[in-house]
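Student: One structure, pasted below without further comment.
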Amino acid sequence: QVQLVESGGGSVQSGGSLRLTCAISGYRYSSRCMGWFRHASGKEREGIAAIDDGGSTDYADSLKGRFTISQENDKNTLYLEMDSLEPEDTAFYYCAARIAGPCRALSMIPPTINYWGRGTQVTVSS
């Protein structure tokens with residue numbers, strides 16, 4: 001059974017940084033697209049970053065180049081480095097996996113993803 005477990009969320013001031021980690025287990029499919037989406041209170045879910053098996057990445061335009069997605073060589077750990085955080089980045093952040101289809105940031109939201117974790121809260125204060 002595929003399990004995705006996020007960690008690393010917390011509270012920071014505007015301009016600060018956080019690194020989210022996703023521990024991946026049980027993934028046995030031959031291909032995958034990993035990524036992150038976020039859900040802020042009162043807003044729609046937003047796919048923000050994706051990375052494929054070859055390491056190619058894609059990001060939502062709204063991030064303005066502030067976030068970086070990466071993965072360990074064994075592909076059991078996924079990261080999201082978040083810099084220059086703004087209050088508008090406050091949300092629950094979820095790790096996500098997609099078995100097939102285009103590996104694009106905007107696609108990394110339900111129902112187009114196959115698995116996601118419980119999420120980790122990120123709060124940015126001004």
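Chain labels follow the order of the structure tokens: the first chain is A, the next B, and so on; residue numbering restarts at 1 in every chain, and ligands are counted from 1 in their shown order.
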Which residues are near stretch 15-23 of chain A? Cut-off 10 Å, only C-alpha atoms, ignore same chain within fewer than 3 positions. Put them as a PyMOL selection string.
Tutor: chain A and resi 3-12+34-36+66-71+75-87+93-96+117+119-120+122+124-126
Student: Pull N, CA and C atoms from the residues just selected and write them as a short mmCIF file (atom, residue, chain, number, x, y, z; two decimals), in the first residue's frame.
Tutor:
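So selection_27.cif came out as:
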data_model
loop_
_atom_site.label_atom_id
_atom_site.label_comp_id
_atom_site.auth_asym_id
_atom_site.auth_seq_id
_atom_site.Cartn_x
_atom_site.Cartn_y
_atom_site.Cartn_z
N GLN A 3 2.13 4.78 0.83
CA GLN A 3 1.96 5.74 1.92
C GLN A 3 2.86 6.95 1.67
N LEU A 4 2.30 8.10 1.88
CA LEU A 4 3.03 9.36 1.75
C LEU A 4 2.86 10.10 3.07
N VAL A 5 3.96 10.44 3.71
CA VAL A 5 3.90 11.09 5.02
C VAL A 5 4.71 12.38 4.97
N GLU A 6 4.01 13.49 5.18
CA GLU A 6 4.66 14.80 5.13
C GLU A 6 5.16 15.22 6.50
N SER A 7 6.21 16.03 6.49
CA SER A 7 6.72 16.63 7.72
C SER A 7 7.43 17.93 7.34
N GLY A 8 7.74 18.73 8.36
CA GLY A 8 8.50 19.94 8.14
C GLY A 8 7.71 21.24 8.14
N GLY A 9 6.40 21.13 8.27
CA GLY A 9 5.60 22.35 8.33
C GLY A 9 5.82 23.09 9.63
N GLY A 10 5.28 24.29 9.72
CA GLY A 10 5.42 25.08 10.93
C GLY A 10 5.04 26.53 10.69
N SER A 11 5.43 27.36 11.62
CA SER A 11 5.12 28.80 11.55
C SER A 11 6.40 29.59 11.34
N VAL A 12 6.37 30.48 10.35
CA VAL A 12 7.52 31.33 10.07
C VAL A 12 7.03 32.74 9.78
N MET A 34 5.72 12.70 -8.95
CA MET A 34 5.53 13.13 -7.56
C MET A 34 5.37 14.63 -7.51
N GLY A 35 4.67 15.10 -6.50
CA GLY A 35 4.49 16.54 -6.43
C GLY A 35 3.87 16.99 -5.13
N TRP A 36 3.51 18.26 -5.13
CA TRP A 36 2.89 18.88 -3.95
C TRP A 36 1.70 19.73 -4.39
N ARG A 66 9.99 30.76 -6.16
CA ARG A 66 10.43 30.73 -4.76
C ARG A 66 10.55 29.33 -4.19
N PHE A 67 9.92 28.33 -4.83
CA PHE A 67 9.92 26.97 -4.31
C PHE A 67 10.75 26.06 -5.21
N THR A 68 11.34 25.02 -4.61
CA THR A 68 12.12 24.05 -5.36
C THR A 68 11.74 22.64 -4.93
N ILE A 69 11.37 21.81 -5.88
CA ILE A 69 11.05 20.42 -5.59
C ILE A 69 12.26 19.55 -5.94
N SER A 70 12.51 18.54 -5.13
CA SER A 70 13.61 17.62 -5.40
C SER A 70 13.31 16.27 -4.76
N GLN A 71 14.11 15.28 -5.12
CA GLN A 71 13.91 13.95 -4.55
C GLN A 71 15.25 13.27 -4.36
N LYS A 75 14.60 7.77 -4.53
CA LYS A 75 13.21 8.17 -4.78
C LYS A 75 12.26 7.81 -3.65
N ASN A 76 12.78 7.62 -2.45
CA ASN A 76 11.90 7.35 -1.31
C ASN A 76 11.61 8.59 -0.48
N THR A 77 12.23 9.70 -0.86
CA THR A 77 12.00 10.94 -0.14
C THR A 77 11.85 12.09 -1.13
N LEU A 78 10.85 12.88 -0.89
CA LEU A 78 10.56 14.04 -1.73
C LEU A 78 10.67 15.29 -0.87
N TYR A 79 11.18 16.36 -1.46
CA TYR A 79 11.34 17.61 -0.72
C TYR A 79 10.64 18.76 -1.44
N LEU A 80 10.30 19.76 -0.65
CA LEU A 80 9.86 21.04 -1.20
C LEU A 80 10.53 22.12 -0.38
N GLU A 81 11.50 22.77 -0.99
CA GLU A 81 12.19 23.89 -0.37
C GLU A 81 11.42 25.16 -0.69
N MET A 82 11.01 25.86 0.37
CA MET A 82 10.19 27.06 0.19
C MET A 82 10.94 28.27 0.74
N ASP A 83 11.24 29.21 -0.11
CA ASP A 83 11.97 30.42 0.28
C ASP A 83 11.10 31.65 0.07
N SER A 84 11.52 32.74 0.70
CA SER A 84 10.80 34.02 0.58
C SER A 84 9.31 33.84 0.80
N LEU A 85 8.97 33.14 1.86
CA LEU A 85 7.57 32.83 2.13
C LEU A 85 6.77 34.10 2.41
N GLU A 86 5.53 34.05 1.96
CA GLU A 86 4.60 35.17 2.11
C GLU A 86 3.36 34.70 2.85
N PRO A 87 2.64 35.61 3.51
CA PRO A 87 1.41 35.19 4.20
C PRO A 87 0.44 34.44 3.28
N TYR A 93 -0.13 21.71 3.18
CA TYR A 93 0.64 21.24 2.04
C TYR A 93 0.62 19.71 2.02
N TYR A 94 0.33 19.18 0.84
CA TYR A 94 0.18 17.74 0.68
C TYR A 94 1.16 17.20 -0.34
N CYS A 95 1.75 16.07 -0.02
CA CYS A 95 2.56 15.32 -0.97
C CYS A 95 1.63 14.46 -1.82
N ALA A 96 1.93 14.33 -3.10
CA ALA A 96 1.03 13.63 -4.00
C ALA A 96 1.79 12.77 -4.99
N GLY A 117 -0.87 12.42 0.94
CA GLY A 117 -0.71 12.24 2.36
C GLY A 117 -1.74 13.03 3.17
N GLY A 119 -1.02 15.70 4.95
CA GLY A 119 -0.73 17.12 4.90
C GLY A 119 0.05 17.64 6.10
N THR A 120 0.67 18.78 5.91
CA THR A 120 1.38 19.47 6.98
C THR A 120 1.07 20.96 6.86
N VAL A 122 1.47 24.90 7.06
CA VAL A 122 2.46 25.97 6.95
C VAL A 122 1.74 27.29 7.22
N VAL A 124 2.45 31.43 7.63
CA VAL A 124 3.39 32.53 7.43
C VAL A 124 2.77 33.81 7.95
N SER A 125 3.42 34.42 8.90
CA SER A 125 2.89 35.65 9.49
C SER A 125 3.63 36.87 8.94
N SER A 126 2.92 37.97 8.88
CA SER A 126 3.51 39.21 8.32
C SER A 126 4.25 40.00 9.38
#
Student: Would you return as a compact mmCIF listing (two decimals) with C-alpha atoms, in the first residue's frame the members of chain A that DSSP assigns to strand (DSSP E or B) on this structure's backbone?
Tutor:
# COMPACT_ATOMS: atom_id res chain seq x y z
CA GLN A 3 1.96 5.74 1.92
CA LEU A 4 3.03 9.36 1.75
CA VAL A 5 3.90 11.09 5.02
CA GLU A 6 4.66 14.80 5.13
CA SER A 7 6.72 16.63 7.72
CA GLY A 10 5.42 25.08 10.93
CA SER A 11 5.12 28.80 11.55
CA VAL A 12 7.52 31.33 10.07
CA GLN A 13 7.62 35.04 9.48
CA LEU A 18 10.88 26.02 5.29
CA ARG A 19 11.68 22.63 3.83
CA LEU A 20 8.93 20.07 3.62
CA THR A 21 9.74 16.37 3.46
CA CYS A 22 7.62 13.51 2.16
CA ALA A 23 8.50 9.94 3.09
CA ILE A 24 7.33 7.56 0.36
CA SER A 25 6.73 3.87 0.91
CA CYS A 33 5.04 11.70 -11.04
CA MET A 34 5.53 13.13 -7.56
CA GLY A 35 4.49 16.54 -6.43
CA TRP A 36 2.89 18.88 -3.95
CA PHE A 37 -0.40 20.65 -3.73
CA ARG A 38 -1.71 23.05 -1.14
CA HIS A 39 -5.08 23.97 0.24
CA GLU A 46 -3.65 24.32 -5.96
CA GLY A 47 -1.08 22.03 -7.54
CA ILE A 48 2.24 23.78 -7.07
CA ALA A 49 5.13 21.50 -8.04
CA ALA A 50 5.85 18.24 -9.81
CA ILE A 51 8.89 16.08 -10.57
CA ASP A 52 9.06 13.04 -12.83
CA THR A 57 10.35 19.64 -12.72
CA ASP A 58 7.35 21.88 -13.22
CA TYR A 59 5.96 24.68 -11.06
CA PHE A 67 9.92 26.97 -4.31
CA THR A 68 12.12 24.05 -5.36
CA ILE A 69 11.05 20.42 -5.59
CA SER A 70 13.61 17.62 -5.40
CA GLN A 71 13.91 13.95 -4.55
CA THR A 77 12.00 10.94 -0.14
CA LEU A 78 10.56 14.04 -1.73
CA TYR A 79 11.34 17.61 -0.72
CA LEU A 80 9.86 21.04 -1.20
CA GLU A 81 12.19 23.89 -0.37
CA MET A 82 10.19 27.06 0.19
CA ALA A 91 -2.02 26.51 3.75
CA PHE A 92 -2.00 22.80 4.32
CA TYR A 93 0.64 21.24 2.04
CA TYR A 94 0.18 17.74 0.68
CA CYS A 95 2.56 15.32 -0.97
CA ALA A 96 1.03 13.63 -4.00
CA ALA A 97 1.73 10.82 -6.45
CA ARG A 98 0.39 10.22 -9.92
CA TYR A 115 -2.25 9.04 -3.73
CA TRP A 116 -1.69 11.84 -1.26
CA THR A 120 1.38 19.47 6.98
CA GLN A 121 0.39 22.97 8.01
CA VAL A 122 2.46 25.97 6.95
CA THR A 123 1.66 29.33 8.52
CA VAL A 124 3.39 32.53 7.43
CA SER A 125 2.89 35.65 9.49
Student: Just list as a PDB file with N, CA, C and O atoms, in the first residue's frame whatever in stretch 5-126 of chain A DSSP marks as helix (DSSP H, G or I).
Tutor:
ATOM      1  N   ASP A  61       2.897  28.936 -11.839  1.00  0.00           N
ATOM      2  CA  ASP A  61       3.386  30.297 -12.067  1.00  0.00           C
ATOM      3  C   ASP A  61       3.255  31.161 -10.820  1.00  0.00           C
ATOM      4  O   ASP A  61       4.046  32.085 -10.604  1.00  0.00           O
ATOM      5  N   SER A  62       2.273  30.855  -9.974  1.00  0.00           N
ATOM      6  CA  SER A  62       2.005  31.680  -8.802  1.00  0.00           C
ATOM      7  C   SER A  62       3.167  31.676  -7.802  1.00  0.00           C
ATOM      8  O   SER A  62       3.266  32.561  -6.956  1.00  0.00           O
ATOM      9  N   LEU A  63       4.057  30.676  -7.907  1.00  0.00           N
ATOM     10  CA  LEU A  63       5.159  30.579  -6.948  1.00  0.00           C
ATOM     11  C   LEU A  63       6.273  31.568  -7.237  1.00  0.00           C
ATOM     12  O   LEU A  63       7.096  31.844  -6.361  1.00  0.00           O
ATOM     13  N   PRO A  87       2.639  35.614   3.507  1.00  0.00           N
ATOM     14  CA  PRO A  87       1.406  35.191   4.201  1.00  0.00           C
ATOM     15  C   PRO A  87       0.444  34.442   3.279  1.00  0.00           C
ATOM     16  O   PRO A  87      -0.284  33.556   3.748  1.00  0.00           O
ATOM     17  N   GLU A  88       0.470  34.748   1.988  1.00  0.00           N
ATOM     18  CA  GLU A  88      -0.420  34.075   1.037  1.00  0.00           C
ATOM     19  C   GLU A  88      -0.055  32.607   0.838  1.00  0.00           C
ATOM     20  O   GLU A  88      -0.802  31.841   0.235  1.00  0.00           O
ATOM     21  N   ASP A  89       1.124  32.201   1.318  1.00  0.00           N
ATOM     22  CA  ASP A  89       1.533  30.794   1.231  1.00  0.00           C
ATOM     23  C   ASP A  89       0.971  29.958   2.376  1.00  0.00           C
ATOM     24  O   ASP A  89       1.157  28.734   2.405  1.00  0.00           O
ATOM     25  N   ALA A 105       2.599  20.525 -12.646  1.00  0.00           N
ATOM     26  CA  ALA A 105       2.238  21.001 -11.303  1.00  0.00           C
ATOM     27  C   ALA A 105       0.728  21.157 -11.155  1.00  0.00           C
ATOM     28  O   ALA A 105       0.141  20.750 -10.145  1.00  0.00           O
ATOM     29  N   LEU A 106       0.107  21.745 -12.156  1.00  0.00           N
ATOM     30  CA  LEU A 106      -1.318  22.018 -12.040  1.00  0.00           C
ATOM     31  C   LEU A 106      -2.154  20.748 -12.019  1.00  0.00           C
ATOM     32  O   LEU A 106      -3.331  20.786 -11.639  1.00  0.00           O
ATOM     33  N   SER A 107      -1.555  19.617 -12.421  1.00  0.00           N
ATOM     34  CA  SER A 107      -2.278  18.337 -12.417  1.00  0.00           C
ATOM     35  C   SER A 107      -2.189  17.616 -11.084  1.00  0.00           C
ATOM     36  O   SER A 107      -2.851  16.597 -10.891  1.00  0.00           O
TER      37      SER A 107
END
